[in-house]
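Peer 1: So I've got this file, upload_16.cif, and it contains mmCIF, C-alpha atoms:
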data_target
loop_
_atom_site.label_atom_id
_atom_site.label_comp_id
_atom_site.auth_asym_id
_atom_site.auth_seq_id
_atom_site.Cartn_x
_atom_site.Cartn_y
_atom_site.Cartn_z
CA MET A 329 190.81 79.66 125.62
CA SER A 330 194.37 78.64 124.78
CA THR A 331 197.40 80.23 126.37
CA THR A 332 199.65 78.13 124.16
CA PRO A 333 200.85 80.11 121.15
CA ARG A 334 199.42 78.76 117.92
CA VAL A 335 202.05 80.50 115.83
CA SER A 336 205.77 81.01 116.33
CA SER A 337 207.69 84.23 116.79
CA ALA A 338 209.11 85.68 113.61
CA ILE A 339 211.82 87.49 115.55
CA ALA A 340 214.84 85.48 116.62
CA ALA A 341 215.30 85.05 120.37
CA GLU A 342 211.90 86.58 121.17
CA PRO A 343 208.97 84.56 122.45
CA PRO A 344 205.67 84.67 120.61
CA HIS A 345 203.81 87.88 121.44
CA PHE A 346 201.71 90.22 119.36
CA GLY A 347 204.65 92.12 117.89
CA SER A 348 206.86 89.11 117.21
CA VAL A 349 204.02 87.14 115.66
CA LEU A 350 202.77 90.05 113.55
CA ALA A 351 206.34 90.24 112.25
CA HIS A 352 205.41 87.29 110.03
CA GLN A 353 203.55 89.98 108.08
CA PRO A 354 205.84 93.05 108.19
CA GLU A 355 203.65 95.17 105.91
CA ILE A 356 200.58 94.57 108.07
CA ALA A 357 202.64 95.26 111.18
CA SER A 358 204.08 98.56 110.00
CA SER A 359 200.71 99.74 108.75
CA PHE A 360 198.97 98.75 111.99
CA PHE A 361 201.51 100.49 114.21
CA ALA A 362 201.34 103.64 112.06
CA LEU A 363 197.55 103.63 112.37
CA TYR A 364 197.58 102.87 116.09
CA GLY A 365 200.14 105.60 116.75
CA ARG A 366 198.13 108.15 114.80
CA PHE A 367 194.95 107.12 116.63
CA TRP A 368 196.48 107.46 120.09
CA GLY A 369 198.40 110.58 119.10
CA SER A 370 195.25 112.39 118.08
CA ASP A 371 193.71 114.57 120.76
CA VAL A 372 190.30 114.85 119.11
CA LEU A 373 189.14 112.38 121.75
CA ALA A 374 190.99 112.35 125.08
CA ALA A 375 193.24 109.39 125.79
CA ARG A 376 191.33 108.82 129.03
CA ILE A 377 188.10 108.23 127.09
CA LYS A 378 189.86 105.91 124.65
CA GLU A 379 191.35 103.95 127.52
CA VAL A 380 187.95 103.61 129.22
CA ALA A 381 186.62 102.00 126.03
CA ARG A 382 189.72 99.82 125.70
CA MET A 383 189.38 98.58 129.26
CA ARG A 384 185.72 97.72 128.70
CA ASN A 385 186.61 95.79 125.54
CA ALA A 386 189.33 93.93 127.42
CA ARG A 387 186.85 92.76 130.03
CA VAL A 388 184.10 91.74 127.62
CA THR A 389 186.38 89.92 125.17
CA GLN A 390 188.33 88.34 128.06
CA CYS A 391 191.65 89.58 126.71
CA GLY A 392 194.01 89.20 129.66
CA PHE A 393 196.86 90.97 127.91
CA CYS A 394 194.68 93.98 127.08
CA ARG A 395 193.25 94.00 130.60
CA ASN A 396 196.66 94.27 132.25
CA VAL A 397 198.19 96.91 130.03
CA ARG A 398 197.79 100.60 130.87
CA PHE A 399 198.79 103.45 128.58
CA ASP A 400 200.57 106.27 130.38
CA LYS A 401 198.76 109.13 128.62
CA ALA A 402 195.43 108.07 130.13
CA LEU A 403 197.03 107.69 133.54
CA GLY A 404 198.21 111.28 133.23
CA GLN A 405 194.62 112.29 132.54
CA GLY A 406 193.45 110.80 135.83
CA LEU A 407 192.43 107.28 134.88
CA GLY A 408 193.54 105.60 138.07
CA GLU A 409 192.82 102.03 139.11
CA GLU A 410 189.88 103.09 141.26
CA VAL A 411 188.17 104.31 138.08
CA VAL A 412 189.19 101.28 136.02
CA ASP A 413 187.76 99.06 138.76
CA ASP A 414 184.35 100.61 138.07
CA ILE A 415 184.34 99.53 134.41
CA THR A 416 182.33 96.43 135.21
CA ASP A 417 178.82 95.40 134.21
CA SER A 418 177.65 97.80 136.95
CA TYR A 419 179.34 100.88 135.49
CA GLU A 420 176.04 102.77 135.34
CA THR A 421 176.09 103.13 139.14
CA SER A 422 179.69 104.35 139.33
CA THR A 423 180.30 107.68 141.00
CA ARG A 424 183.82 107.90 139.57
CA LEU A 425 183.00 107.56 135.88
CA THR A 426 181.70 110.71 134.23
CA ASN A 427 178.44 110.85 132.29
CA THR A 428 180.48 111.14 129.09
CA GLU A 429 182.38 107.98 129.98
CA LYS A 430 179.15 106.12 130.72
CA ALA A 431 177.79 107.15 127.31
CA VAL A 432 181.02 105.87 125.76
CA LEU A 433 180.69 102.58 127.63
CA ARG A 434 177.12 102.08 126.38
CA PHE A 435 178.34 102.60 122.83
CA THR A 436 181.28 100.26 123.41
CA ASP A 437 179.00 97.54 124.75
CA ALA A 438 176.69 97.95 121.77
CA LEU A 439 179.51 97.63 119.28
CA ILE A 440 181.35 94.74 120.86
CA HIS A 441 178.39 92.87 122.32
CA ASP A 442 174.88 93.74 121.18
CA PRO A 443 173.83 96.58 118.87
CA GLU A 444 170.36 96.55 120.44
CA LEU A 445 171.94 98.13 123.53
CA LEU A 446 172.30 101.40 121.66
CA THR A 447 168.76 102.52 122.35
CA GLY A 448 167.43 105.90 121.36
CA ASP A 449 168.43 107.34 124.72
CA ALA A 450 171.92 105.85 124.60
CA ARG A 451 172.42 107.10 121.06
CA ALA A 452 171.20 110.57 121.98
CA ALA A 453 173.48 110.67 125.03
CA LEU A 454 176.48 109.72 122.96
CA GLN A 455 175.74 112.47 120.46
CA ARG A 456 175.15 114.96 123.27
CA HIS A 457 178.48 114.25 124.95
CA LEU A 458 180.70 113.75 121.89
CA THR A 459 181.09 115.57 118.60
CA PRO A 460 180.76 113.62 115.33
CA ALA A 461 184.54 113.70 114.94
CA GLN A 462 184.99 112.27 118.42
CA ILE A 463 182.46 109.51 117.75
CA ALA A 464 184.30 108.59 114.55
CA GLU A 465 187.56 108.34 116.45
CA LEU A 466 185.92 106.35 119.24
CA GLY A 467 184.38 103.99 116.72
CA LEU A 468 187.74 103.41 115.07
CA GLY A 469 189.28 102.75 118.46
CA VAL A 470 186.68 100.20 119.53
CA VAL A 471 186.96 98.42 116.18
CA LEU A 472 190.74 98.17 116.59
CA PHE A 473 190.55 97.15 120.27
CA LEU A 474 188.04 94.42 119.44
CA ALA A 475 189.88 93.07 116.42
CA LEU A 476 193.24 93.16 118.20
CA ALA A 477 191.87 91.34 121.25
CA LYS A 478 190.19 88.63 119.19
CA ALA A 479 193.26 88.16 116.99
CA LEU A 480 195.44 87.85 120.10
CA ILE A 481 193.15 85.29 121.68
CA THR A 482 192.64 83.19 118.56
CA MET A 483 196.39 83.09 117.89
CA GLY A 484 196.90 81.73 121.41
CA LEU A 485 198.82 84.75 122.63
CA GLU A 486 197.01 85.21 125.92
CA PRO A 487 199.44 85.20 128.87
CA GLU A 488 198.97 82.58 131.56
CA ALA A 489 199.77 85.27 134.11
CA MET A 490 200.65 88.92 133.72
CA ASP A 491 201.28 91.79 136.09
CA ARG A 492 199.72 95.17 135.47
CA THR A 493 202.06 96.91 133.07
CA VAL A 494 202.20 100.61 132.23
CA LEU A 495 203.39 101.18 128.66
CA PRO A 496 204.21 104.34 126.75
CA THR A 497 201.18 105.35 124.74
CA PRO A 498 201.57 104.38 121.08
CA ALA A 499 202.82 107.37 119.15
CA VAL A 500 203.06 108.53 115.57
CA LEU A 501 205.99 106.88 113.83
CA GLU A 502 207.80 109.85 112.35
CA ALA A 503 209.52 107.80 109.68
CA ALA A 504 206.17 106.49 108.53
CA GLU A 505 204.62 109.94 108.12
CA MET B 1142 183.23 101.08 101.61
CA SER B 1143 183.46 99.73 105.15
CA ALA B 1144 181.49 101.39 107.94
CA VAL B 1145 184.75 102.49 109.56
CA CYS B 1146 186.06 104.17 106.41
CA ALA B 1147 182.70 105.91 105.97
CA ALA B 1148 182.73 107.15 109.55
CA LEU B 1149 186.23 108.56 109.13
CA ALA B 1150 185.29 110.66 106.13
CA GLY B 1151 185.91 113.82 108.14
CA ASP B 1152 189.46 112.82 109.09
CA PRO B 1153 191.36 112.06 105.89
CA VAL B 1154 194.60 111.21 107.69
CA LEU B 1155 193.10 108.57 109.98
CA ALA B 1156 190.94 107.33 107.11
CA LYS B 1157 194.02 106.86 104.93
CA HIS B 1158 195.86 104.99 107.67
CA TYR B 1159 192.88 102.73 108.34
CA ALA B 1160 192.36 102.01 104.64
CA ASP B 1161 196.05 101.19 104.28
CA PHE B 1162 195.99 98.79 107.23
CA ARG B 1163 192.88 97.09 105.90
CA ALA B 1164 194.36 96.82 102.42
CA LYS B 1165 197.64 95.39 103.71
CA ALA B 1166 195.79 92.77 105.76
CA HIS B 1167 193.53 91.77 102.88
CA GLY B 1168 196.42 91.94 100.43
CA ALA B 1169 198.30 89.27 102.36
CA LEU B 1170 195.62 86.73 101.43
CA ASP B 1171 194.28 85.40 98.18
CA PRO B 1172 191.60 87.93 97.13
CA GLY B 1173 189.00 85.20 96.78
CA LEU B 1174 189.66 83.92 100.28
CA ALA B 1175 189.56 87.42 101.75
CA ALA B 1176 186.17 87.95 100.13
CA LEU B 1177 184.89 84.64 101.48
CA ILE B 1178 185.91 85.66 105.02
CA GLY B 1179 183.86 88.83 104.71
CA GLU B 1180 180.84 86.94 103.43
CA ALA B 1181 181.09 84.22 106.07
CA VAL B 1182 181.41 86.66 108.96
CA ALA B 1183 178.68 88.94 107.64
CA ALA B 1184 176.34 85.95 107.35
CA VAL B 1185 176.88 85.13 111.03
CA HIS B 1186 175.78 88.67 111.81
CA GLY B 1187 172.70 88.27 109.60
CA MET B 1188 174.07 90.77 107.10
CA GLY B 1189 174.00 88.63 103.98
CA ALA B 1190 173.98 85.13 102.59
CA ALA B 1191 176.60 82.62 103.62
CA PRO B 1192 179.11 81.80 100.90
CA ASP B 1193 178.48 78.74 98.77
CA GLU B 1194 181.09 76.24 99.94
CA GLY B 1195 180.30 73.72 97.25
CA GLY B 1196 183.46 73.09 95.30
CA LEU B 1197 185.75 74.53 97.96
CA ASP B 1198 188.59 72.33 99.17
CA ASP B 1199 188.67 70.99 102.72
CA GLY B 1200 191.36 73.44 103.83
CA THR B 1201 189.35 76.45 102.70
CA CYS B 1202 186.24 75.07 104.41
CA ALA B 1203 188.24 74.66 107.64
CA CYS B 1204 189.37 78.28 107.33
CA LEU B 1205 185.80 79.48 106.87
CA ALA B 1206 184.65 77.49 109.89
CA TYR B 1207 187.34 79.30 111.92
CA ALA B 1208 186.15 82.68 110.60
CA ARG B 1209 182.54 81.90 111.47
CA ARG B 1210 183.55 81.36 115.11
CA MET B 1211 185.10 84.83 115.37
CA PRO B 1212 181.93 86.87 116.03
CA PHE B 1213 180.55 85.00 119.05
CA GLU B 1214 182.85 82.08 119.87
CA HIS B 1215 186.38 83.42 119.60
CA THR B 1216 187.36 82.06 123.02
CA ALA B 1217 186.10 78.59 122.08
CA ILE B 1218 188.25 78.08 118.98
CA THR B 1219 190.36 75.03 119.65
CA ASP B 1220 194.05 74.40 119.00
CA ALA B 1221 193.02 71.83 116.39
CA GLU B 1222 190.84 74.33 114.52
CA ALA B 1223 193.65 76.87 114.50
CA ALA B 1224 196.10 74.19 113.40
CA GLY B 1225 193.84 73.44 110.44
CA VAL B 1226 194.18 77.04 109.27
CA VAL B 1227 197.95 76.98 109.79
CA ALA B 1228 198.18 73.75 107.80
CA HIS B 1229 196.31 75.32 104.91
CA LEU B 1230 197.84 78.81 104.89
CA GLY B 1231 201.14 78.53 106.76
CA GLU B 1232 202.04 80.61 109.81
CA ALA B 1233 202.23 83.93 108.00
CA GLY B 1234 198.92 83.21 106.32
CA PHE B 1235 197.36 82.27 109.64
CA VAL B 1236 198.40 85.62 111.11
CA ALA B 1237 196.90 87.55 108.21
CA TYR B 1238 193.80 85.38 108.24
CA SER B 1239 193.21 85.96 111.96
CA VAL B 1240 193.59 89.71 111.54
CA VAL B 1241 191.24 89.83 108.54
CA ALA B 1242 188.60 87.67 110.22
CA ALA B 1243 188.71 89.71 113.43
CA LEU B 1244 188.55 92.94 111.45
CA ALA B 1245 185.62 91.64 109.40
CA ASP B 1246 183.71 90.94 112.62
CA ALA B 1247 184.48 94.38 114.04
CA GLU B 1248 183.48 96.12 110.80
CA CYS B 1249 180.15 94.30 110.74
CA ARG B 1250 179.55 95.40 114.30
CA ALA B 1251 180.40 99.00 113.43
CA ALA B 1252 177.83 98.86 110.65
CA LEU B 1253 175.21 97.35 112.96
CA VAL B 1254 175.47 100.29 115.37
CA ASP B 1255 175.36 102.67 112.39
CA LEU B 1256 178.76 104.16 113.11
CA PRO B 1257 178.70 106.26 109.92
CA GLY B 1258 175.34 107.75 110.92
CA LEU B 1259 176.52 108.47 114.46
CA ALA B 1260 179.68 110.11 113.21
CA GLY B 1261 177.84 112.09 110.58
CA GLY B 1262 176.13 114.27 113.13
#
Please render this file's structure as structure tokens.

Peer 2:
Amino acid sequence: MSTTPRVSSAIAAEPPHFGSVLAHQPEIASSFFALYGRFWGSDVLAARIKEVARMRNARVTQCGFCRNVRFDKALGQGLGEEVVDDITDSYETSTRLTNTEKAVLRFTDALIHDPELLTGDARAALQRHLTPAQIAELGLGVVLFLALAKALITMGLEPEAMDRTVLPTPAVLEAAE
Amino acid sequence: MSAVCAALAGDPVLAKHYADFRAKAHGALDPGLAALIGEAVAAVHGMGAAPDEGGLDDGTCACLAYARRMPFEHTAITDAEAAGVVAHLGEAGFVAYSVVAALADAECRAALVDLPGLAGG
């Protein structure tokens, strides 16, 4: 996996990173950030649940950038590092993750890794813990997390080293609404 | 309609935003090439026939080879493979191409877990 950018920054004086590289395509960028802000701004599904799925995707896809970023809204909903540390391949045995979060992780693994993992029991558990609207929002989130991580990696935008970084949760862009 | 758009039928605002993002990404590429990406990625997932590459130029074939790696080998794509896409499409095209290929993979996966059925109650 390359940590050498395969595309230059489109913003003067900024190094290549997701935002500066996506600036090569300003219409895609503005549409993506409007979508991502609306997704994170919606409270149909709690930010903590979304972040649990995002952290799982980060680990499975090996996206170092995604793995080191934390969104503050989920932190405010109690997603501390001791919980994040349990989002490993052994998450089923965690005593810190809720049953809802484990159902979400099974779905996330099925979508990003192997659809056969969504057995009848896993599917039933997901539908027992989440409403259809919440599942739709979760599905959108996992699709975006996966696509974003793979695009980052294939464009060579993985950091060689990165500290854990808490960022403001993406928000609705008022001007875009 | 993609599996994601179908699953978002109950949330018109998010559905509109997602459809706009998808359209902007696809719209940044030649429509024929965008369609080929979808076919190539879907074929890797066993969701359809691989596109007929007979008659395609070498640059397009290199792009499709890159797209086919996205589902299961995204970490193994080499600098040279990526450079081949940049050479054919330019940097801006490479960015759009990477987004569309990654999105195509994720949409196939959403269909394979029956996201619309799960979200339909």

Peer 1: Once you count only C-alpha atoms, what closest atom pair and distance in Å to one decimal does each residue of chain A within 9 Å of chain B have, with rows by chain and rising residue number, as a tab-separated table?

Peer 2:
residue	atom	partner	partner_atom	distance
A:Met329	CA	B:Thr1216	CA	4.9
A:Ser330	CA	B:Asp1220	CA	7.2
A:Thr332	CA	B:Asp1220	CA	8.5
A:Arg334	CA	B:Ala1223	CA	7.0
A:Val335	CA	B:Glu1232	CA	6.0
A:Ser336	CA	B:Glu1232	CA	7.5
A:Val349	CA	B:Val1236	CA	7.4
A:Leu350	CA	B:Val1236	CA	6.7
A:Ala351	CA	B:Ala1233	CA	8.6
A:His352	CA	B:Ala1233	CA	5.1
A:Gln353	CA	B:Ala1233	CA	6.2
A:Glu355	CA	B:Lys1165	CA	6.4
A:Ile356	CA	B:Lys1165	CA	5.3
A:Ala357	CA	B:Phe1162	CA	8.5
A:Ser358	CA	B:Phe1162	CA	8.6
A:Ser359	CA	B:Phe1162	CA	5.0
A:Phe360	CA	B:Phe1162	CA	5.6
A:Ala362	CA	B:His1158	CA	7.2
A:Leu363	CA	B:His1158	CA	5.2
A:Tyr364	CA	B:His1158	CA	8.9
A:Arg366	CA	B:Leu1155	CA	7.0
A:Phe367	CA	B:Leu1155	CA	7.1
A:Thr389	CA	B:Thr1216	CA	8.2
A:Gln390	CA	B:Thr1216	CA	8.1
A:Phe435	CA	B:Val1254	CA	8.3
A:Ala438	CA	B:Val1254	CA	6.9
A:Leu439	CA	B:Arg1250	CA	5.5
A:Ile440	CA	B:Arg1250	CA	6.8
A:His441	CA	B:Arg1250	CA	8.5
A:Asp442	CA	B:Arg1250	CA	8.5
A:Pro443	CA	B:Val1254	CA	5.4
A:Glu444	CA	B:Val1254	CA	8.1
A:Leu446	CA	B:Val1254	CA	7.1
A:Arg451	CA	B:Leu1259	CA	7.9
A:Leu454	CA	B:Leu1259	CA	8.6
A:Gln455	CA	B:Leu1259	CA	7.3
A:Thr459	CA	B:Gly1262	CA	7.5
A:Pro460	CA	B:Ala1260	CA	4.2
A:Ala461	CA	B:Ala1260	CA	6.3
A:Gln462	CA	B:Ala1260	CA	7.7
A:Ile463	CA	B:Ala1260	CA	5.4
A:Ala464	CA	B:Ala1260	CA	5.0
A:Glu465	CA	B:Leu1149	CA	7.4
A:Gly467	CA	B:Leu1256	CA	6.7
A:Leu468	CA	B:Val1145	CA	6.3
A:Val470	CA	B:Ala1247	CA	8.3
A:Val471	CA	B:Ala1247	CA	5.2
A:Leu472	CA	B:Leu1244	CA	7.7
A:Leu474	CA	B:Ala1247	CA	6.5
A:Ala475	CA	B:Ala1243	CA	4.6
A:Leu476	CA	B:Ala1243	CA	7.4
A:Ala477	CA	B:Ala1243	CA	8.6
A:Lys478	CA	B:Ala1243	CA	6.0
A:Ala479	CA	B:Ser1239	CA	5.5
A:Leu480	CA	B:Ser1239	CA	8.6
A:Ile481	CA	B:Thr1216	CA	6.8
A:Thr482	CA	B:His1215	CA	6.3
A:Met483	CA	B:Ser1239	CA	7.3
A:Gly484	CA	B:Asp1220	CA	8.2

Peer 1: Which residue, B:Ala1190, B:Val1182, B:Ala1176, B:Leu1170, has the smallest gap to B:Ala1208 when you use only C-alpha atoms?

Peer 2: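 The answer is B:Val1182, which sits nearest to B:Ala1208.
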
Peer 1: Please compute the atom CA of B:Val1185-atom CA of B:Ser1143 distance, one decimal, in Å.

Peer 2: 17.1 Å

Peer 1: Step by step, work through what the PyMOL selection byres ((chain A and resi 457) around 9) selects in the shown file, and finish by giving those residues as a PDB file with C-alpha atoms, in the frame of the given file.

Peer 2:
ATOM      1  CA  ASN A 427     178.440 110.850 132.290  1.00  0.00           C
ATOM      2  CA  THR A 428     180.480 111.140 129.090  1.00  0.00           C
ATOM      3  CA  GLU A 429     182.380 107.980 129.980  1.00  0.00           C
ATOM      4  CA  ALA A 431     177.790 107.150 127.310  1.00  0.00           C
ATOM      5  CA  VAL A 432     181.020 105.870 125.760  1.00  0.00           C
ATOM      6  CA  ALA A 452     171.200 110.570 121.980  1.00  0.00           C
ATOM      7  CA  ALA A 453     173.480 110.670 125.030  1.00  0.00           C
ATOM      8  CA  LEU A 454     176.480 109.720 122.960  1.00  0.00           C
ATOM      9  CA  GLN A 455     175.740 112.470 120.460  1.00  0.00           C
ATOM     10  CA  ARG A 456     175.150 114.960 123.270  1.00  0.00           C
ATOM     11  CA  LEU A 458     180.700 113.750 121.890  1.00  0.00           C
ATOM     12  CA  THR A 459     181.090 115.570 118.600  1.00  0.00           C
TER      13      THR A 459
END

Peer 1: Return as a list in words the set of residues that the PyMOL selection byres ((chain B and resi 1229) around 8) yields on the displayed structure.

Peer 2: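 Answer for the PyMOL selection byres ((chain B and resi 1229) around 8): Gly1200, Thr1201, Cys1204, Gly1225, Val1226, Val1227, Ala1228, Leu1230 and Gly1231 of chain B.
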
Peer 1: Translate the PyMOL selection byres ((chain A and resi 394) around 9), as applied to the file shown, into an explicit residue set as a PDB file with C-alpha atoms, keeping the file's coordinate frame.

Peer 2:
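File produced: out-v7.pdb:
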ATOM      1  CA  ARG A 382     189.720  99.820 125.700  1.00  0.00           C
ATOM      2  CA  MET A 383     189.380  98.580 129.260  1.00  0.00           C
ATOM      3  CA  ASN A 385     186.610  95.790 125.540  1.00  0.00           C
ATOM      4  CA  ALA A 386     189.330  93.930 127.420  1.00  0.00           C
ATOM      5  CA  ARG A 387     186.850  92.760 130.030  1.00  0.00           C
ATOM      6  CA  GLN A 390     188.330  88.340 128.060  1.00  0.00           C
ATOM      7  CA  CYS A 391     191.650  89.580 126.710  1.00  0.00           C
ATOM      8  CA  GLY A 392     194.010  89.200 129.660  1.00  0.00           C
ATOM      9  CA  PHE A 393     196.860  90.970 127.910  1.00  0.00           C
ATOM     10  CA  ARG A 395     193.250  94.000 130.600  1.00  0.00           C
ATOM     11  CA  ASN A 396     196.660  94.270 132.250  1.00  0.00           C
ATOM     12  CA  VAL A 397     198.190  96.910 130.030  1.00  0.00           C
ATOM     13  CA  ARG A 398     197.790 100.600 130.870  1.00  0.00           C
ATOM     14  CA  PHE A 473     190.550  97.150 120.270  1.00  0.00           C
ATOM     15  CA  ALA A 477     191.870  91.340 121.250  1.00  0.00           C
TER      16      ALA A 477
END

Peer 1: Please, what distance in Å, to one decimal, runs between atom CA of A:Gly365 and atom CA of A:Leu407?

Peer 2: 19.8 Å

Peer 1: Using Å and a single decimal, report how far atom CA of B:His1186 sits from atom CA of B:Leu1205.

Peer 2: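 It comes out at 14.5 Å.
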
Peer 1: Taking 3 positions as the minimum chain separation for residues in the same chain, which residues sit within 8 Å of B:Gly1189 when counting all atoms listed in the file? Answer as a PyMOL selection string.

Peer 2: chain B and resi 1180+1183-1184

Peer 1: Taking into account only C-alpha atoms, which residue in the set A:Asp414, A:Asp491, A:Glu486, A:Asp437 is nearest to A:Ala381?

Peer 2: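 Ranking A:Asp414, A:Asp491, A:Glu486, A:Asp437 by distance to A:Ala381, first place goes to A:Asp437.
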
Peer 1: Nearest to A:Arg424: which of A:Leu501, A:Ala340, A:Val380, A:Leu466 is it, counting only C-alpha atoms?

Peer 2: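 Smallest distance to A:Arg424 is found for A:Val380.
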
Peer 1: Find the smallest box with edges along x, y and z containing every listed atom of stretch 465-477 of chain A, then add 6 Å on each side and report centre and edge lengths in Å to one decimal, as JSON.

Peer 2:
{"center_x": 188.8, "center_y": 99.8, "center_z": 118.2, "size_x": 20.9, "size_y": 29.0, "size_z": 18.2}
